[in-house]
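Step one of this worksheet: look at the structure below.
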Amino acid sequence: MKLFTLVFFTIFSLSAFADWGLPRFNRNDNSTGGLRTVWSCPGNRGDMPEQREVEIYYDENRQLAFRPDLFGRSMNPLNALRSLFGRKKDSSNVDECLRSFLATIPQAVANYQEARCSGSSDLVCTRPGADVSLDAGRKIRSSAFYSKYRENLASVEDLLPAPEITERPVTPRRPEVASTPVNNRPVPDRLLPRPEDNPDRSRTRLLDYMVDNYAKFTDLKEFATHCPQMGATTGVNAVYCRDRQTRNNTFLTNLSQMFTAVRGEPITQERLLQSIECLPPRADDFSDLTDILHKMDEQDECGALANVGDHKLFRKAHGGTQAWYTSGNYLLKRTAADTYEATLNLDFTNNGGTMSSQEMMNKVRGCLADASQFMRGPNGARLNIKALSPAEVEAQLPRSERPLPGVINIVPDQVRLANGMMTANEINAANFRSNIDCPTATHEILHHLGLCDEYRETRTNIVPGLTRSRAEEWSCRVVPSAPSIMKNQNEVYNGAMPQQFSCNCVNDGCRNAMNGTDARSVAHKKLLMTSSPHDILGSLAPHCSNPVYLATVDEVSEPDKAYIDVVSRPGVLTFQNRSLLSDSGRFRISRKNVTCTCPADDVSCPAALARAGELIATNPDIKECPLHTQSTSEKTLAPQGAVTALNPIGFTFVSTPYMDSLVTPSQFDKILTGNCRQGVSELYKRCSEFSYVPQESSACAQKPAECSDDNQFLGRSSAQ
Amino acid sequence: MKILIFSLILSFQAGASTIAKYRSTPDGSAMQKFNLESDKATYEKTSNLFDLKAKNYSVGLHDLKAVTKEYSAVMKEVDEYAKKFQVVDEFLKEKGSGFNQVSGIIQHEAVILVDDFRVKPDSKHYAALNKLFQRLQKLDWKLAKGFQISPDLQKVMEFENGKPVKTEKYARDLYCKKAQLPTVCTLHGGGQIYVE
């Protein structure tokens, strides 16, 4: 029986390989291309090199394929090996063969495109040869052949693209934890796989690798000092130097690869050989690093979009803190004489959130569609902001127009702290909760378009202390006194587009006030719908001392005013605040005198406090559901004609717009011109560079004086 | 003589390190920092964000009650990390860069700081350092100077020399970000309290 099976399979296999003995060029009219490559594989066991050929094409799913299908998922690796090397099963030369194959592709593509591609939109006609080679490498990497002969493919490894992540982990990667004491860890001496494409992740890997191998830096110095002087080619010294050389070269190669990944450019063969072959490390072995860390993207981002249909692609700069914050990855197109379209590549990734990527994409698109109606620039120009997923970008945009993706995690609405407490998860440009509202989503999306925060912020840049280290704060930032979507998005949303949200009472005091029609109830409703002190003061609140409370009463003069006796002088603000206290099913009035005083060394505080004083004096409307109520609906663009309406258990609030646009003229122009020093936003850009700088730093002294002029900073003087 | 001086420098270096956890958000900065010396230690908290104990709405300066074997063991490991980071930083400084420059920009992630060196959550060293940080948190600390808000957000208590010296009404609508819970509150003079 065994013999029968053997014979059967042998016959079956041979018949299956009837087409296969050697790969043959075999045109198939269903293919979208017809690119033939010919290359030489070394012969086995001393045989002469043999020519091989294969057809490369892109299938109907725009995936690269080979004919014969050497690296198809269903192809038996042994069969593929036989195809490459005849019927002999020797895999020792497979790396050289594949290296030769991949190296041949770019030239073959160029020849093919020149001869056969006039006017064709086939991918083999439009993709650069290097990209086709990468696609081929990707195909090889995903094949069973690669899995089986991986160990024999060491020299091809650097020609293959980084492995693709087909499924994103739901939780962040857990760092590896060494169970051995830190100083006893084995020092890795092996070549690492190619670094990831993500420059930020590569940076961390680079740093981790250096920390793990910190002793090597001493080795390198010793080696550079001693080995060249030894000059021995034989004997103990030579053995010593060769051994050190091997270890150092591995280390250098790894560093070199990682530096290259951080820089975002492919590693050159020459560079690799340099690392592998050079004996002592040369003085400039790490000279790349300075470039890597300070390199600015050299893009042609400054050309004007003179004609309808013109576009430019902006890329986020990795060349320094300020450049990073003030840039973004997006495609800008002029879609009509006065209309522009900014397209973002947003990679929403569920990271424990309650919404799928598609649901979040739909929600953000809804927000942006509403917001785009109110994105108006100087001279009536309009801006539509569009969000695409990476797959949509790939499918809808040609390579030259594809913005790099920005990853946004969909995080849980609440997060459990180490102590078990639940708290609202933070929202920022890289993390969205499923309950994110449109004003906040738009503010965060505008970060992806290169706009910086403009609110007063006490956060520190590097290392804070309990005793506040003001030198570390981002106090140099320009904070306009006028509303701005990058400062107070809720206020601007309410001011530029009618916002609607609903709140229900959570106690009888509130419900009774809603139902009451007497003067007291009317006054209570007004107090309820006035912004709280924290809503207005924000980060200035810690400068206010514990208030002095007066007796709680039922009646006050000017009963519909939450703020009275507002007195503002430089650096000091005092006022009385009335708030509602639910007591036995009815509201009473709690009164407190508040005094806020700017610290002597906080130079930006007095202007911010003065602006807060002006706002407080107006008894401004709420921007969110107040105390005694609970939100029952998200903020949305109110239907035309909607007004604030009370009901027995709460109210629906509608804001009254008074602004022309969600963005200021300089913000609008900044999105259109990126970091190019031109246009209405020229000053705005110069001022934005100080958004993440401490007041006391020498850099802050360079901040233009005009930044403190709201009209100039926001571009209003030249636009209106 | 050289050996003596070298040993003195080494012992001095080994006797003083800091390990901190830090996160900045638009709501403010949360920081907890241990100043480790061979014979004493302090624990500075500007926020309860990284606390291991629930509903502890306090910030301030804490003293270590007693130097224990556990404390010394953790301190030794922190010192070892600090030494390695220093070597890498020196190498990078020669190249016109530095450890923190390569480490890159902090956005809103919680980072660990060993002395001044930032370790981001995607580093393989983060988890081990976080464990050291938590081992320090579990030691016996006493609030020497600071503030504590009552769980119902009605009162705020001030501490001096380990004892409460003043109790006042807490102005929730002035110091807390949102009317609804959970929220983030602050205090006169700073601090950041996460409230459930």
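Residue numbering restarts at 1 for every chain of the structure tokens, chains are lettered A, B, ... in their displayed order, and ligands are numbered from 1 as they appear.
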Residues of chain B within 6 Å of chain A, counting only C-alpha atoms, what are they? List them as a list in words. Ser24, Gly28, Ser29, Asp51, Leu52, Lys53, Ala54, Ser123, Lys124, Ala128, Leu174, Ala179, Pro182, Leu187, His188, Gly189, Gly190 and Glu196 of chain B
Kindly export the residues of the current selection with C-alpha atoms, as a short mmCIF file (atom, residue, chain, number, x, y, z; two decimals), in the first residue's frame.
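Saved result, again-v1.cif, follows:
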```
data_model
loop_
_atom_site.label_atom_id
_atom_site.label_comp_id
_atom_site.auth_asym_id
_atom_site.auth_seq_id
_atom_site.Cartn_x
_atom_site.Cartn_y
_atom_site.Cartn_z
CA SER B 24 0.36 66.12 30.49
CA GLY B 28 -3.02 70.06 33.42
CA SER B 29 0.00 67.99 34.34
CA ASP B 51 -2.43 56.27 42.64
CA LEU B 52 -2.85 52.65 43.64
CA LYS B 53 -5.35 53.53 46.38
CA ALA B 54 -8.90 54.44 45.36
CA SER B 123 9.83 51.15 25.18
CA LYS B 124 10.62 47.64 26.34
CA ALA B 128 9.95 47.06 34.31
CA LEU B 174 -14.91 76.92 40.40
CA ALA B 179 -20.56 69.52 36.51
CA PRO B 182 -16.37 61.71 36.62
CA LEU B 187 -7.01 73.32 43.98
CA HIS B 188 -5.90 76.82 44.72
CA GLY B 189 -2.24 76.80 43.75
CA GLY B 190 -2.39 73.77 41.48
CA GLU B 196 -15.15 59.51 40.30
#
```
All residues 10 Å or closer to range 558-569 of chain A, only C-alpha atoms, same chain fewer than 3 positions away omitted, as a ChimeraX atom specification: /A:519-533,554-555,572-580,589,591-597,606,609-614,616-620
Close residues, Leu449 in chain A itself excluded, 7 Å, only C-alpha atoms, min 3 positions apart in chain, as a ChimeraX atom specification: /A:327-330,445-446,671
Restricted to C-alpha atoms, what would the selected residues look like written as a short mmCIF file (atom, residue, chain, number, x, y, z; two decimals), in the first residue's frame?
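The resulting file, out_36.cif, is reproduced below:
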```cif
data_model
loop_
_atom_site.label_atom_id
_atom_site.label_comp_id
_atom_site.auth_asym_id
_atom_site.auth_seq_id
_atom_site.Cartn_x
_atom_site.Cartn_y
_atom_site.Cartn_z
CA SER A 327 2.64 70.57 10.28
CA GLY A 328 0.27 67.86 9.12
CA ASN A 329 -0.20 65.12 6.54
CA TYR A 330 -2.91 66.09 4.09
CA ILE A 445 -8.90 67.16 13.24
CA LEU A 446 -7.55 70.68 12.74
CA ILE A 671 -4.24 75.22 6.14
#
```
Name the residues of range 154-192 of chain B that fall into helix (DSSP H, G or I) according to DSSP on the backbone, using the chain letters and numbers of this document, as a ChimeraX atom specification. /B:172-175
Could you pull out the strand (DSSP E) residues of chain B, going by DSSP on the backbone, and write them as number ranges by chain? B: 16-25, 28-37, 41-45, 58-64, 111-114, 117-119, 141-149, 155-160, 163-169, 183-185, 193-195
Output the selection as a PDB file, in the first residue's frame - C-alpha atoms for each residue.
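So out24.pdb came out as:
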```pdb
ATOM      1  CA  ALA B  16      20.549  59.889  44.592  1.00  0.00           C
ATOM      2  CA  SER B  17      18.219  59.119  41.749  1.00  0.00           C
ATOM      3  CA  THR B  18      14.703  60.085  40.876  1.00  0.00           C
ATOM      4  CA  ILE B  19      11.964  58.124  39.213  1.00  0.00           C
ATOM      5  CA  ALA B  20       8.765  59.838  38.219  1.00  0.00           C
ATOM      6  CA  LYS B  21       5.636  59.233  36.234  1.00  0.00           C
ATOM      7  CA  TYR B  22       4.313  62.097  34.249  1.00  0.00           C
ATOM      8  CA  ARG B  23       1.435  62.835  31.951  1.00  0.00           C
ATOM      9  CA  SER B  24       0.358  66.118  30.488  1.00  0.00           C
ATOM     10  CA  THR B  25      -3.081  66.882  29.134  1.00  0.00           C
ATOM     11  CA  GLY B  28      -3.017  70.058  33.415  1.00  0.00           C
ATOM     12  CA  SER B  29      -0.004  67.993  34.342  1.00  0.00           C
ATOM     13  CA  ALA B  30      -0.113  64.879  36.493  1.00  0.00           C
ATOM     14  CA  MET B  31       3.149  63.992  38.149  1.00  0.00           C
ATOM     15  CA  GLN B  32       4.303  61.695  40.880  1.00  0.00           C
ATOM     16  CA  LYS B  33       7.991  61.680  41.644  1.00  0.00           C
ATOM     17  CA  PHE B  34      10.204  59.760  44.058  1.00  0.00           C
ATOM     18  CA  ASN B  35      13.435  61.359  45.190  1.00  0.00           C
ATOM     19  CA  LEU B  36      15.564  58.436  46.295  1.00  0.00           C
ATOM     20  CA  GLU B  37      18.523  58.799  48.604  1.00  0.00           C
ATOM     21  CA  ALA B  41      13.184  59.489  50.374  1.00  0.00           C
ATOM     22  CA  THR B  42      10.365  61.824  49.448  1.00  0.00           C
ATOM     23  CA  TYR B  43       7.315  61.271  47.256  1.00  0.00           C
ATOM     24  CA  GLU B  44       5.879  64.289  45.477  1.00  0.00           C
ATOM     25  CA  LYS B  45       2.371  64.127  44.071  1.00  0.00           C
ATOM     26  CA  SER B  58      -4.943  64.360  47.943  1.00  0.00           C
ATOM     27  CA  VAL B  59      -1.783  65.950  46.591  1.00  0.00           C
ATOM     28  CA  GLY B  60       1.403  67.007  48.323  1.00  0.00           C
ATOM     29  CA  LEU B  61       4.746  65.989  49.689  1.00  0.00           C
ATOM     30  CA  HIS B  62       5.152  62.662  51.484  1.00  0.00           C
ATOM     31  CA  ASP B  63       8.014  61.338  53.598  1.00  0.00           C
ATOM     32  CA  LEU B  64       9.151  57.730  53.692  1.00  0.00           C
ATOM     33  CA  VAL B 111       5.967  58.578  30.537  1.00  0.00           C
ATOM     34  CA  ILE B 112       8.446  57.466  33.150  1.00  0.00           C
ATOM     35  CA  LEU B 113      11.333  59.723  33.970  1.00  0.00           C
ATOM     36  CA  VAL B 114      14.503  58.296  35.432  1.00  0.00           C
ATOM     37  CA  PHE B 117      15.492  60.683  30.926  1.00  0.00           C
ATOM     38  CA  ARG B 118      12.106  60.040  29.376  1.00  0.00           C
ATOM     39  CA  VAL B 119      10.987  56.462  28.785  1.00  0.00           C
ATOM     40  CA  TRP B 141       4.509  57.105  53.091  1.00  0.00           C
ATOM     41  CA  LYS B 142       3.128  59.916  55.216  1.00  0.00           C
ATOM     42  CA  LEU B 143       1.527  63.096  53.824  1.00  0.00           C
ATOM     43  CA  ALA B 144       3.703  65.826  55.290  1.00  0.00           C
ATOM     44  CA  LYS B 145       2.428  68.887  53.427  1.00  0.00           C
ATOM     45  CA  GLY B 146      -0.466  69.173  51.027  1.00  0.00           C
ATOM     46  CA  PHE B 147      -4.221  69.128  50.506  1.00  0.00           C
ATOM     47  CA  GLN B 148      -7.027  66.625  50.653  1.00  0.00           C
ATOM     48  CA  ILE B 149     -10.535  66.981  49.229  1.00  0.00           C
ATOM     49  CA  LYS B 155     -14.557  70.180  51.967  1.00  0.00           C
ATOM     50  CA  VAL B 156     -10.859  70.720  51.429  1.00  0.00           C
ATOM     51  CA  MET B 157      -8.332  70.077  54.182  1.00  0.00           C
ATOM     52  CA  GLU B 158      -4.808  71.530  54.344  1.00  0.00           C
ATOM     53  CA  PHE B 159      -1.935  69.545  55.887  1.00  0.00           C
ATOM     54  CA  GLU B 160       1.261  70.840  57.489  1.00  0.00           C
ATOM     55  CA  LYS B 163      -1.400  67.112  60.392  1.00  0.00           C
ATOM     56  CA  PRO B 164      -4.550  68.873  59.125  1.00  0.00           C
ATOM     57  CA  VAL B 165      -4.348  72.574  59.950  1.00  0.00           C
ATOM     58  CA  LYS B 166      -7.334  74.056  58.078  1.00  0.00           C
ATOM     59  CA  THR B 167     -10.677  72.875  56.655  1.00  0.00           C
ATOM     60  CA  GLU B 168     -12.696  74.961  54.174  1.00  0.00           C
ATOM     61  CA  LYS B 169     -15.713  74.577  51.888  1.00  0.00           C
ATOM     62  CA  THR B 183     -14.397  64.897  36.296  1.00  0.00           C
ATOM     63  CA  VAL B 184     -11.040  66.481  37.015  1.00  0.00           C
ATOM     64  CA  CYS B 185     -10.705  69.038  39.779  1.00  0.00           C
ATOM     65  CA  ILE B 193      -7.492  65.436  41.218  1.00  0.00           C
ATOM     66  CA  TYR B 194      -9.357  62.809  39.251  1.00  0.00           C
ATOM     67  CA  VAL B 195     -12.791  62.390  40.824  1.00  0.00           C
TER      68      VAL B 195
END
```
For a test of reading the model, state the distance in Å between CA of Arg62 in chain A and CA of Ile385 in chain A, rounded to one decimal.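 Result for CA of Arg62 in chain A versus CA of Ile385 in chain A: 28.0 Å, one decimal.
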My list of candidates is B:Phe99, B:Leu136, B:Glu70, B:Asn56. Which is closest to Lys84 in chain B when distances are computed with only C-alpha atoms? B:Phe99
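Separating CA of Ala136 in chain A from CA of Leu64 in chain A is a distance of 6.8 Å.
Note that the spacing between CA of Val407 in chain A and CA of Thr636 in chain A amounts to 25.2 Å.
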